[in-house]
4 protein chains.
Amino acid sequence: MKKIRVGVAGYGTIGQRLADGVAMQGDMELVGIADLAPTLSIRALAENDMIGANGVKYDLYLVEGAEKSQFDELGIPVAGTFEELIKSVDIMLDSAPGGVGAKNKVLYEKYGVKAIFQGGEKNSVADVFFHGYANYEKGVGAQYLKLTSCNTTGLIRAVDALDREIGIEKVAITIIRRVADPGDYHRGLTNALQMEKAPSHQAVDLMTIMPHVEATGILVHTPVTHGHIITVLATAKDGKKITKEKALEIFKKHPRIRVVSIAEGFKGNASLFKYARDLGNRRGDMYEIGLWEDSIVESGNDIMFAINIPQESVTIPETIDGIRAAMCMQKTREEGTAETNKYLNIGKFKK
Amino acid sequence: MKKIRVGVAGYGTIGQRLADGVAMQGDMELVGIADLAPTLSIRALAENDMIGANGVKYDLYLVEGAEKSQFDELGIPVAGTFEELIKSVDIMLDSAPGGVGAKNKVLYEKYGVKAIFQGGEKNSVADVFFHGYANYEKGVGAQYLKLTSCNTTGLIRAVDALDREIGIEKVAITIIRRVADPGDYHRGLTNALQMEKAPSHQAVDLMTIMPHVEATGILVHTPVTHGHIITVLATAKDGKKITKEKALEIFKKHPRIRVVSIAEGFKGNASLFKYARDLGNRRGDMYEIGLWEDSIVESGNDIMFAINIPQESVTIPETIDGIRAAMCMQKTREEGTAETNKYLNIGKFKK
Amino acid sequence: MKKIRVGVAGYGTIGQRLADGVAMQGDMELVGIADLAPTLSIRALAENDMIGANGVKYDLYLVEGAEKSQFDELGIPVAGTFEELIKSVDIMLDSAPGGVGAKNKVLYEKYGVKAIFQGGEKNSVADVFFHGYANYEKGVGAQYLKLTSCNTTGLIRAVDALDREIGIEKVAITIIRRVADPGDYHRGLTNALQMEKAPSHQAVDLMTIMPHVEATGILVHTPVTHGHIITVLATAKDGKKITKEKALEIFKKHPRIRVVSIAEGFKGNASLFKYARDLGNRRGDMYEIGLWEDSIVESGNDIMFAINIPQESVTIPETIDGIRAAMCMQKTREEGTAETNKYLNIGKFKK
Amino acid sequence: MKKIRVGVAGYGTIGQRLADGVAMQGDMELVGIADLAPTLSIRALAENDMIGANGVKYDLYLVEGAEKSQFDELGIPVAGTFEELIKSVDIMLDSAPGGVGAKNKVLYEKYGVKAIFQGGEKNSVADVFFHGYANYEKGVGAQYLKLTSCNTTGLIRAVDALDREIGIEKVAITIIRRVADPGDYHRGLTNALQMEKAPSHQAVDLMTIMPHVEATGILVHTPVTHGHIITVLATAKDGKKITKEKALEIFKKHPRIRVVSIAEGFKGNASLFKYARDLGNRRGDMYEIGLWEDSIVESGNDIMFAINIPQESVTIPETIDGIRAAMCMQKTREEGTAETNKYLNIGKFKK
C-alpha cells in the first residue's frame, strides 16, 4: 500500500514532535520539514546528520525569507524550498507560529494539498475543529482541520470518555497552567500566579467540539515548565449520579489516559515528566494524559478529578488521527485512533 | 473600660501578626509574647527595642526549655516565664507549632484562662471550631476556640457571604496553594506542582463550620510564596440561579473582601502582595482576601470565581473576633467583627 | 534653616522609595511626585489619602501625556503639572523609566534645577557618575548626578570600604541576579538560569567610579525576586594579603553593611527580606547590604566573600547622599553620609 | 575478547544512567542492577519489559531488606539477590544512597570484586579519589575508586585542561547550584537563594585531586532543576597571562567540553537541557559540560569563565573511565577516555 506523504511546517516544540510522530507511522512517509532559520532545534538535528525518530532522515526545506547561506555556513543540508515540499506531499501539518499558518494556507490551496493546523491559528482557518476521539468522523475527508490546543486536547479526552458512557451536561474546570516550556527564555513568571480573564478559552473550545456540553472555567498561570494540571467538575445529564468507581473504570479503559496515584509515587506533574524520561521516551515525552486516581471525589451527583497535560506532546496523537481522518485512511474513530496508538506505542502499558 | 489582657504564645509567622493585631485594638492590651529561642523574628523585635505595632512594647516571656542565657548574650530583655504570662492574661492566643498548643492547654486550664488555637491543632483541642463571620455566636463565652486555617478562613468569608443572602447548598473548590512563606528554607518546591489526596481538608473544615453545605475539593501545591488562589464553584439551594451581578454585589459589600480586577492591574497574587507593601501596611500584609471581578463566571445556575488568600495575615481578624466572642466583648457577629475591622482599618477602602 | 525642596519624577519601584527617603529627612521637604498614569502604586497612595512615609502628604503632579480625567474618576487628587513641580523645587530625583530621564532633563535645564538620575539612564546624562561613599566630593555642587545601579551601589560599598583601608587593585565578581521584583509580571524566568555576555556592566561601572581598580565579572539571572547575591574576589595592591579577620573588621564598621551569618539563621536572600519585614520596615525594605561572615574565605592573598543586594531600596541612601552633595548641604562624605544615615535610621543596629 | 562484567547497585538518578552507560560499551557487559523497592524508575524499566539502553536487558537483583512480593505483585521479574549479582561481576558501580556504599563494601570485599563509589560516600571508602582526565593513571589496577561529585567532575575537566597546557596555580569558584533534579519532591527551594558555608566542598575536592592547585569557592543554591552553573577564576603559575584566545582553543579541543554561546541561542542551563532533548539523547541527558564562549573574560593575567554542569549525567563518562582504569582495560588516560568517548558518542559534534 502506498504510504501517505506528509510534510511539517515549523520545526519548533510542536513541529519536532509531529515529525517524530509521523516518522513512527508505518503507513506514512515524512517527506520533509520546513523552517526559516538554523534554530537550536535544527542544529540538534544536523548534529545527528538529520536523522530523527525511528532512524528516519528529515529533509529540510526553507520557507520564504530564509537565508540559505546561514545553513550552508553551518554545514546544514537543505533539500529545497517550502513550495517544493508542499508539491511533494499529500498533507501538511502546519505548526508554524500562530498566524503564519493562515498565510501558509494560500500555498496549500495553490497546490491542492490538505493541511492540519495547530491550536495557535484561528478556527476559521479550517473546515473542522478536530479532536481524534470526540469528532473523528467530522474530519473524514476534510480538506483543512484545526487541532484543539494542548489543554483542550487532554481535557476532551477525559470528558469525551465520560460523555460516551454516561452523558455529560456540564463541566467547570480550573486550569493550573505551566507558564513556559523547558528551555523557554522568551516568557516566564517568577514567584507569581497569574490570572486570566474568565472563562478560559479551553472551556469555550470544548463547547465548540462538544456542543451539547455547557463548559466554563478559570485559568491560572504557575511558574513551572512540566505539564498543566486541570481539575474538572463534571455533571451528568438528567441528574444522574457519577460514582468514583464508574469514572475510574472508564478512565482506566482509555488508551490515552494513564491512571496514576500519589500513593505509587506520582506526586505531581514533575513525577510524570521524570517517569517519561525514565521510560526512555524520545525527548522525555509522554503522549498520555495523567489522571490521579486519588484525586477523584464525588460532589453530590457530580464527579471531580485532576488530570496532567504534557503540553509539548499531548496533541501529537490527535494530529496523527487527523491525518488518518482527512486522508480517509480509516473511516471511524475506533479504527483511526487504534492505528495511531499502535504506531506510537500508546496503551501498551495497560494490562 | 478595662482592657482585655491578651498573651501570644509562639512568635512565628502567625504569632507576630497576632501580637500586632492585638496591639492595634483600642480595647485590648498585649501583655506579652512567649517563645523558646532567639529566632530572627525575636531578634528583629529586639533590634527595635521590643517596640512592635502601634508603638506598643512587646514583653517577652520564655517557655519551658528556653535557655535564658542565649537571650542575655544577645542583650534581649526577658520579662518572665510562660506561666507568669498566662497568669497575667484573660486569654491566650496560641500560635505555637502544631501540636504544642494541645500541650500548652494544660497550663491554660491550670490557670483558668481562655485560649484560641490556630489551624495547626486538632479540632478536639477546642470547644468551638470558629470563624468570625460564619459562627461568631457559637464562640460567645466559650473557653477554647480553634480558628480555621488560612485557606479555610478566606474561603468561608466568601461562601458565608453568598450563603447568608442566597443560601448555598454545595461548593467544589480547587486550591492553588503557595507552598512556602517568604523566607522559608525548611520547605519548598522547585519547578513542580504537587497533588494532595482529595478531598482537601479545607473542604472538610468548611463543612464542620457550615454543616448545611456539601463541600469537596482538590489541592495542588505551587512553587510560589505570595498568596494562595482558590477557585470556588458554588451551587445555591433549590436550584436557584446565582447571577454574576448578584454575586459581585454581595462580595463588594463585605468588609474583608477586596474586589479587584485584572483590568486594574491586579494580575495575580503577587500584585496583591506588592499593593499591600505599597500601602505601607506593616510587614506588607493584607487582611482582606482578594476577589477577581473578571474571574466570576456563571456555570448554569452555579457561580464560579477566584479568590486570593494572603496566608500570613488572613486569619488575624477572625482571631481577634474570637477574642471578642470568647470574652463576651460583643455578643453578635455584626458588633464583634465591626469592632475588629475598625481597629485594623479594614474596609476603609470601600466607598 | 530652610529645607531643601525635592521632587520625584516617576513613582515606580524606585520612585516610591526615593519619596519615602526624602520624607524622612529632617532637612528636606518633599514637594511632590510626578507620574503619568493611575498605577497601582498611585492608587495605593490614594487609598491612604496621599499620606506616605513619616506622615508626609505626597502631592501628585502629572507629566505630559497624562489624562487628568483618569485620576478624577478614581478620586485621586492632582496638585498640578510636572513643570509646576519642577519650578517649585531645588532638585529633582528622576526615577522615570530608562531613557525618559534624558528627555526630562530638558525641563530641568529650562528651569535651572539640579537633578539626580537613576542607573537606567546613560552616563552622559549627568556630569558625575555618583556613589555616596566612593566619590561624594566629586558630586559636591554638581548640577547633574547619575546614581550607580542597585548591584553596583551595593558592590562599591564593600569594595570601597576595603580599598580605603587596604588598597584594592583588582576585583572579579559573579552576580547571581534576581530576575524580577515582587509583583513584576512583565518579566520573569521559570526554572532557568540565564547568562549575560561578560563582562557585566556592573564591573565596568565600578571601574568608572573607582578607576584605579581593574574589575571584571559574570552575571547570571536566577528566578527569584528578593535580593541579588554577588560573590567578590578582591586583590590588594602590591601583593598585600587580605586576611579574613581584617576584612570582617572593616565590613563590621560600615554603617550600610549588615554583617550576618548562616549560623544565626540568615540562610539566604529571602531571610534578609523576611527580617526586614519583621523589623516593620516600610514596604519590608532594607537599606543595608547583607554580608555573610561565613562566606568570607581567603584565596592566597586575595579575599572572597558574598553580599546581598536588596535591589528595590539599596540605592536610596546613596541618592539622598547625592542631594546633600549636589546642594552643598555637607561638603564631605563623612558628614553627608552621616546625615543621611541618621534620618534613615541606618546603622542603628551596630553596637 | 572477554567483556568486563559490571553490576550497578542502586537504580536511582545516577544508577540508571550508569547502567545505560555500561550498556553502551562494546567491551563491557551489564550483568544486572540491584535495588530495594519497586520505585517509579524500576516500574518504568518494567513497563519496557526490562529493556534499557542499546536494547540491553537489565536483570534486577534485590538487596537485603527488599520484599520480593512487592515486585511479584507488580509483575516485575527478579533475577536474584544482591550477593548473587556481586558474585557474577568483575566490578560493581555503587550508586546506593550516601553511606550505604560503605556498608555494601563489606560484600564487595567478601567476594573480592572491585567497586567504584559515587560522590555521596566518604573519601575513605576508596583507595583512590578518581577523575578520568585528571588522575586516570592513579586508578589503574586499583581495587576501590571513588568518583568526584557532579560539580567537581565538570569543574576539573575545565581546570585540568588549562592546567595541562598552561599550568594552573589557583582557582576561585562560584557555584550557582541547581537545588533539585527534575521530579524531586523531597527537596526544593521556592523564590530563594541559599548560602552554604564557604569554602564549598567542591573546591576542597579539587585540591585533593589536583594538590598543586589552591582552590576556594562559594556555593549558592538556586531554585532550578536543570544544570549547575559555575564561574571559575583561574590563575596560572609564575604570573603567566592566560589569554581568552588560548583558553578558548584549549576548551574547544576537549571532547567532554561543549563550547557554546549566547549568540547561538544557548541562553542558559535550560537551553542546554532542551538541546539535549532535541538531540534525542536518552532521558534528555548530556555528557559534556557546556562552556560559554561569551563568558570568557580576562582579569589581569587571570581568566574567568562560566560552565554548565548537567548534574544527572556528567559523572557517567568519568565513572566508565574508572572501570577501564581499575580493570586495567587501558593503561593511560588518553586510551581510556578515548574508548569511553567512542562508545558514548562523545565528541562526535567536534569538527
# chains A, B, ... in the order shown; residues from 1 in each chain; ligands from 1
>>> closest_atom_pairs(of="chain A", to="chain B", cutoff="6 Å", atoms="only C-alpha atoms", output="JSON lines")
{"residue": "A:Asn191", "atom": "CA", "partner": "B:Val224", "partner_atom": "CA", "distance": 4.6}
{"residue": "A:Ala192", "atom": "CA", "partner": "B:Ala270", "partner_atom": "CA", "distance": 5.3}
{"residue": "A:Leu193", "atom": "CA", "partner": "B:Gly268", "partner_atom": "CA", "distance": 5.4}
{"residue": "A:Gln194", "atom": "CA", "partner": "B:Gly268", "partner_atom": "CA", "distance": 4.4}
{"residue": "A:Met195", "atom": "CA", "partner": "B:Gly268", "partner_atom": "CA", "distance": 5.3}
{"residue": "A:Lys197", "atom": "CA", "partner": "B:Asp294", "partner_atom": "CA", "distance": 5.4}
{"residue": "A:Ala198", "atom": "CA", "partner": "B:Ser295", "partner_atom": "CA", "distance": 4.9}
{"residue": "A:Val224", "atom": "CA", "partner": "B:Asn191", "partner_atom": "CA", "distance": 4.6}
{"residue": "A:Lys267", "atom": "CA", "partner": "B:Gln194", "partner_atom": "CA", "distance": 5.6}
{"residue": "A:Gly268", "atom": "CA", "partner": "B:Gln194", "partner_atom": "CA", "distance": 4.4}
{"residue": "A:Asn269", "atom": "CA", "partner": "B:Leu193", "partner_atom": "CA", "distance": 5.8}
{"residue": "A:Ala270", "atom": "CA", "partner": "B:Ala192", "partner_atom": "CA", "distance": 5.3}
{"residue": "A:Asp294", "atom": "CA", "partner": "B:Lys197", "partner_atom": "CA", "distance": 5.4}
{"residue": "A:Ser295", "atom": "CA", "partner": "B:Ala198", "partner_atom": "CA", "distance": 4.9}
>>> write_last_selection(atoms="C-alpha atoms", output="PDB file, in the first residue's frame")
ATOM      1  CA  ASN A 191       7.186  33.633  42.227  1.00  0.00           C
ATOM      2  CA  ALA A 192       3.763  34.608  40.965  1.00  0.00           C
ATOM      3  CA  LEU A 193       0.447  33.117  39.989  1.00  0.00           C
ATOM      4  CA  GLN A 194      -1.216  34.946  37.116  1.00  0.00           C
ATOM      5  CA  MET A 195      -4.946  35.177  36.447  1.00  0.00           C
ATOM      6  CA  LYS A 197      -9.999  36.708  32.387  1.00  0.00           C
ATOM      7  CA  ALA A 198     -12.654  34.006  32.721  1.00  0.00           C
ATOM      8  CA  VAL A 224       6.560  25.649  36.266  1.00  0.00           C
ATOM      9  CA  LYS A 267       3.349  13.252  43.356  1.00  0.00           C
ATOM     10  CA  GLY A 268       2.686  15.790  40.638  1.00  0.00           C
ATOM     11  CA  ASN A 269       3.416  16.915  37.102  1.00  0.00           C
ATOM     12  CA  ALA A 270       7.176  16.615  37.585  1.00  0.00           C
ATOM     13  CA  ASP A 294      -6.656   9.658  44.428  1.00  0.00           C
ATOM     14  CA  SER A 295      -7.916  12.988  43.125  1.00  0.00           C
TER      15      SER A 295
END
>>> select_by_dssp(residues="stretch 47-244 of chain B", states="strand (DSSP E)", output="number ranges by chain")
B: 60-62, 80-81, 91-94, 114-117, 128-130, 144-147, 168-178, 194-195, 214-222, 228-236
>>> write_last_selection(atoms="C-alpha atoms", output="PDB file, in the first residue's frame")
ATOM      1  CA  LEU B  60       8.997  38.589  76.035  1.00  0.00           C
ATOM      2  CA  TYR B  61       8.322  35.545  78.218  1.00  0.00           C
ATOM      3  CA  LEU B  62      10.194  32.272  77.875  1.00  0.00           C
ATOM      4  CA  GLY B  80       9.454  36.320  82.800  1.00  0.00           C
ATOM      5  CA  THR B  81       8.250  32.795  82.259  1.00  0.00           C
ATOM      6  CA  ILE B  91      -6.964  34.993  77.155  1.00  0.00           C
ATOM      7  CA  MET B  92      -4.070  33.403  75.288  1.00  0.00           C
ATOM      8  CA  LEU B  93      -3.669  33.297  71.531  1.00  0.00           C
ATOM      9  CA  ASP B  94      -1.806  30.103  70.894  1.00  0.00           C
ATOM     10  CA  LYS B 114      -9.297  31.126  77.894  1.00  0.00           C
ATOM     11  CA  ALA B 115      -7.407  30.350  74.712  1.00  0.00           C
ATOM     12  CA  ILE B 116      -7.698  30.478  70.958  1.00  0.00           C
ATOM     13  CA  PHE B 117      -5.737  27.918  68.972  1.00  0.00           C
ATOM     14  CA  VAL B 128     -15.696  25.529  69.141  1.00  0.00           C
ATOM     15  CA  PHE B 129     -14.164  25.493  65.671  1.00  0.00           C
ATOM     16  CA  PHE B 130     -14.557  29.190  64.991  1.00  0.00           C
ATOM     17  CA  TYR B 144     -11.464  27.342  73.994  1.00  0.00           C
ATOM     18  CA  LEU B 145     -11.746  28.234  70.350  1.00  0.00           C
ATOM     19  CA  LYS B 146      -9.839  26.916  67.377  1.00  0.00           C
ATOM     20  CA  LEU B 147      -9.531  29.123  64.330  1.00  0.00           C
ATOM     21  CA  ILE B 168     -25.660  27.773  49.411  1.00  0.00           C
ATOM     22  CA  GLU B 169     -26.005  24.016  49.155  1.00  0.00           C
ATOM     23  CA  LYS B 170     -22.771  22.827  47.617  1.00  0.00           C
ATOM     24  CA  VAL B 171     -19.261  24.038  46.819  1.00  0.00           C
ATOM     25  CA  ALA B 172     -16.407  22.477  44.872  1.00  0.00           C
ATOM     26  CA  ILE B 173     -13.046  24.140  45.238  1.00  0.00           C
ATOM     27  CA  THR B 174      -9.616  23.979  43.655  1.00  0.00           C
ATOM     28  CA  ILE B 175      -6.881  25.287  45.909  1.00  0.00           C
ATOM     29  CA  ILE B 176      -3.791  26.536  44.114  1.00  0.00           C
ATOM     30  CA  ARG B 177      -1.623  26.629  47.190  1.00  0.00           C
ATOM     31  CA  ARG B 178       1.514  28.686  47.761  1.00  0.00           C
ATOM     32  CA  GLN B 194       2.291  18.734  43.820  1.00  0.00           C
ATOM     33  CA  MET B 195      -1.005  16.911  44.318  1.00  0.00           C
ATOM     34  CA  GLU B 214     -21.695  19.918  50.953  1.00  0.00           C
ATOM     35  CA  ALA B 215     -18.113  20.691  50.043  1.00  0.00           C
ATOM     36  CA  THR B 216     -15.302  18.927  48.259  1.00  0.00           C
ATOM     37  CA  GLY B 217     -12.126  19.974  46.574  1.00  0.00           C
ATOM     38  CA  ILE B 218      -8.675  19.322  45.207  1.00  0.00           C
ATOM     39  CA  LEU B 219      -5.488  20.997  46.419  1.00  0.00           C
ATOM     40  CA  VAL B 220      -2.377  21.496  44.303  1.00  0.00           C
ATOM     41  CA  HIS B 221       0.823  22.978  45.706  1.00  0.00           C
ATOM     42  CA  THR B 222       2.643  25.509  43.515  1.00  0.00           C
ATOM     43  CA  HIS B 228      -2.991  31.020  47.672  1.00  0.00           C
ATOM     44  CA  ILE B 229      -5.577  31.254  44.922  1.00  0.00           C
ATOM     45  CA  ILE B 230      -8.801  29.266  45.270  1.00  0.00           C
ATOM     46  CA  THR B 231     -11.401  28.758  42.581  1.00  0.00           C
ATOM     47  CA  VAL B 232     -14.870  28.177  44.007  1.00  0.00           C
ATOM     48  CA  LEU B 233     -17.892  26.716  42.282  1.00  0.00           C
ATOM     49  CA  ALA B 234     -20.958  27.402  44.409  1.00  0.00           C
ATOM     50  CA  THR B 235     -24.431  25.926  43.959  1.00  0.00           C
ATOM     51  CA  ALA B 236     -27.451  27.600  45.520  1.00  0.00           C
TER      52      ALA B 236
END
>>> residues_around(residues="B:Val314", least_positions_apart="2", cutoff="9 Å", atoms="only C-alpha atoms", output="list in words")
Cys150, Asn151, Thr153, Gly154, Asp285, Met286, Tyr287, Glu288, Ile289, Ile309, Pro310, Gln311, Glu312, Ile316, Pro317 and Glu318 of chain B
>>> write_last_selection(atoms="N, CA and C atoms", output="CSV table (one decimal), in the first residue's frame")
chain,number,residue,atom,x,y,z
B,150,CYS,N,-5.7,29.2,57.2
B,150,CYS,CA,-5.7,30.4,56.4
B,150,CYS,C,-6.7,30.2,55.2
B,151,ASN,N,-6.5,29.1,54.4
B,151,ASN,CA,-7.4,29.0,53.2
B,151,ASN,C,-8.8,28.9,53.6
B,153,THR,N,-10.3,30.0,56.3
B,153,THR,CA,-10.8,31.3,56.7
B,153,THR,C,-11.3,32.2,55.6
B,154,GLY,N,-10.4,32.3,54.6
B,154,GLY,CA,-10.7,33.2,53.5
B,154,GLY,C,-11.9,32.6,52.6
B,285,ASP,N,1.6,43.3,54.8
B,285,ASP,CA,0.4,42.4,54.9
B,285,ASP,C,-0.9,42.9,54.4
B,286,MET,N,-1.8,42.0,54.2
B,286,MET,CA,-3.2,42.4,53.9
B,286,MET,C,-4.1,41.5,54.6
B,287,TYR,N,-5.1,42.1,55.2
B,287,TYR,CA,-6.1,41.3,56.0
B,287,TYR,C,-7.3,40.8,55.1
B,288,GLU,N,-7.5,41.6,54.0
B,288,GLU,CA,-8.7,41.2,53.1
B,288,GLU,C,-8.2,40.1,52.2
B,289,ILE,N,-9.2,39.2,51.8
B,289,ILE,CA,-9.0,38.4,50.7
B,289,ILE,C,-9.2,39.2,49.4
B,309,ILE,N,-5.8,34.4,48.9
B,309,ILE,CA,-5.7,34.2,50.3
B,309,ILE,C,-4.3,34.7,50.8
B,310,PRO,N,-4.1,35.8,51.5
B,310,PRO,CA,-2.8,36.2,52.0
B,310,PRO,C,-2.5,35.4,53.2
B,311,GLN,N,-1.8,34.3,53.0
B,311,GLN,CA,-1.8,33.3,54.1
B,311,GLN,C,-1.2,33.7,55.4
B,312,GLU,N,-0.3,34.7,55.4
B,312,GLU,CA,0.3,35.1,56.6
B,312,GLU,C,-0.6,35.9,57.6
B,316,ILE,N,-5.8,36.7,61.1
B,316,ILE,CA,-5.7,37.7,62.2
B,316,ILE,C,-7.1,38.3,62.6
B,317,PRO,N,-7.8,38.9,61.6
B,317,PRO,CA,-9.1,39.5,62.0
B,317,PRO,C,-10.0,38.5,62.7
B,318,GLU,N,-10.1,37.3,62.1
B,318,GLU,CA,-11.1,36.3,62.7
B,318,GLU,C,-10.6,35.9,64.1
>>> closest_residue(among="A:Arg5, A:His186, A:Arg164, A:His201", to="A:Thr152", atoms="only C-alpha atoms")
A:His201
>>> residues_around(residues="stretch 327-344 of chain B", least_positions_apart="2", cutoff="10 Å", atoms="only C-alpha atoms", output="PyMOL selection string")
chain B and resi 4+20-27+90-91+114+131-143+255-256+287+316-325+346-348
>>> write_last_selection(atoms="C-alpha atoms", output="JSON list (two decimals), in the first residue's frame")
[["chain", "number", "residue", "atom", "x", "y", "z"],
["B", 4, "ILE", "CA", -8.91, 42.73, 77.87],
["B", 20, "ASP", "CA", 0.45, 43.24, 66.05],
["B", 21, "GLY", "CA", -3.29, 42.77, 65.64],
["B", 22, "VAL", "CA", -3.90, 42.85, 69.39],
["B", 23, "ALA", "CA", -1.60, 45.86, 69.78],
["B", 24, "MET", "CA", -3.85, 47.75, 67.39],
["B", 25, "GLN", "CA", -7.10, 47.09, 69.32],
["B", 26, "GLY", "CA", -8.11, 50.02, 71.46],
["B", 27, "ASP", "CA", -9.91, 47.77, 73.92],
["B", 90, "ASP", "CA", -7.54, 36.94, 80.35],
["B", 91, "ILE", "CA", -6.96, 34.99, 77.15],
["B", 114, "LYS", "CA", -9.30, 31.13, 77.89],
["B", 131, "HIS", "CA", -14.94, 31.70, 62.16],
["B", 132, "GLY", "CA", -15.73, 35.34, 62.93],
["B", 133, "TYR", "CA", -18.31, 35.72, 60.18],
["B", 134, "ALA", "CA", -19.75, 32.22, 59.91],
["B", 135, "ASN", "CA", -20.36, 31.21, 63.52],
["B", 136, "TYR", "CA", -19.43, 34.10, 65.83],
["B", 137, "GLU", "CA", -22.30, 33.44, 68.17],
["B", 138, "LYS", "CA", -21.12, 29.88, 68.83],
["B", 139, "GLY", "CA", -17.92, 31.32, 70.21],
["B", 140, "VAL", "CA", -19.56, 33.75, 72.61],
["B", 141, "GLY", "CA", -18.39, 32.94, 76.11],
["B", 142, "ALA", "CA", -16.57, 29.80, 75.02],
["B", 143, "GLN", "CA", -13.48, 28.76, 76.92],
["B", 255, "PRO", "CA", -15.52, 44.49, 54.58],
["B", 256, "ARG", "CA", -12.97, 41.70, 54.42],
["B", 287, "TYR", "CA", -6.12, 41.34, 55.97],
["B", 316, "ILE", "CA", -5.70, 37.67, 62.19],
["B", 317, "PRO", "CA", -9.05, 39.49, 62.02],
["B", 318, "GLU", "CA", -11.08, 36.33, 62.67],
["B", 319, "THR", "CA", -8.80, 35.51, 65.62],
["B", 320, "ILE", "CA", -9.41, 38.98, 67.07],
["B", 321, "ASP", "CA", -13.11, 38.31, 66.51],
["B", 322, "GLY", "CA", -12.58, 35.18, 68.54],
["B", 323, "ILE", "CA", -11.26, 37.19, 71.49],
["B", 324, "ARG", "CA", -14.33, 39.41, 71.30],
["B", 325, "ALA", "CA", -16.62, 36.39, 71.25],
["B", 346, "ILE", "CA", -10.40, 47.04, 57.45],
["B", 347, "GLY", "CA", -12.92, 48.14, 54.90],
["B", 348, "LYS", "CA", -11.65, 51.71, 54.89]]
>>> closest_residue(among="B:Asn123, B:Thr315, B:Lys87, B:Phe251", to="B:Gly99", atoms="only C-alpha atoms")
B:Asn123
>>> atom_distance(atom1="atom CA of B:Glu47", atom2="atom CA of C:Tyr275")
10.6 Å
>>> atom_distance(atom1="atom CA of D:Phe82", atom2="atom CA of D:Met50")
17.3 Å
>>> closest_residue(among="D:Ile76, D:Ile86, D:Ala180, D:Ala66", to="D:Asp49", atoms="only C-alpha atoms")
D:Ile76
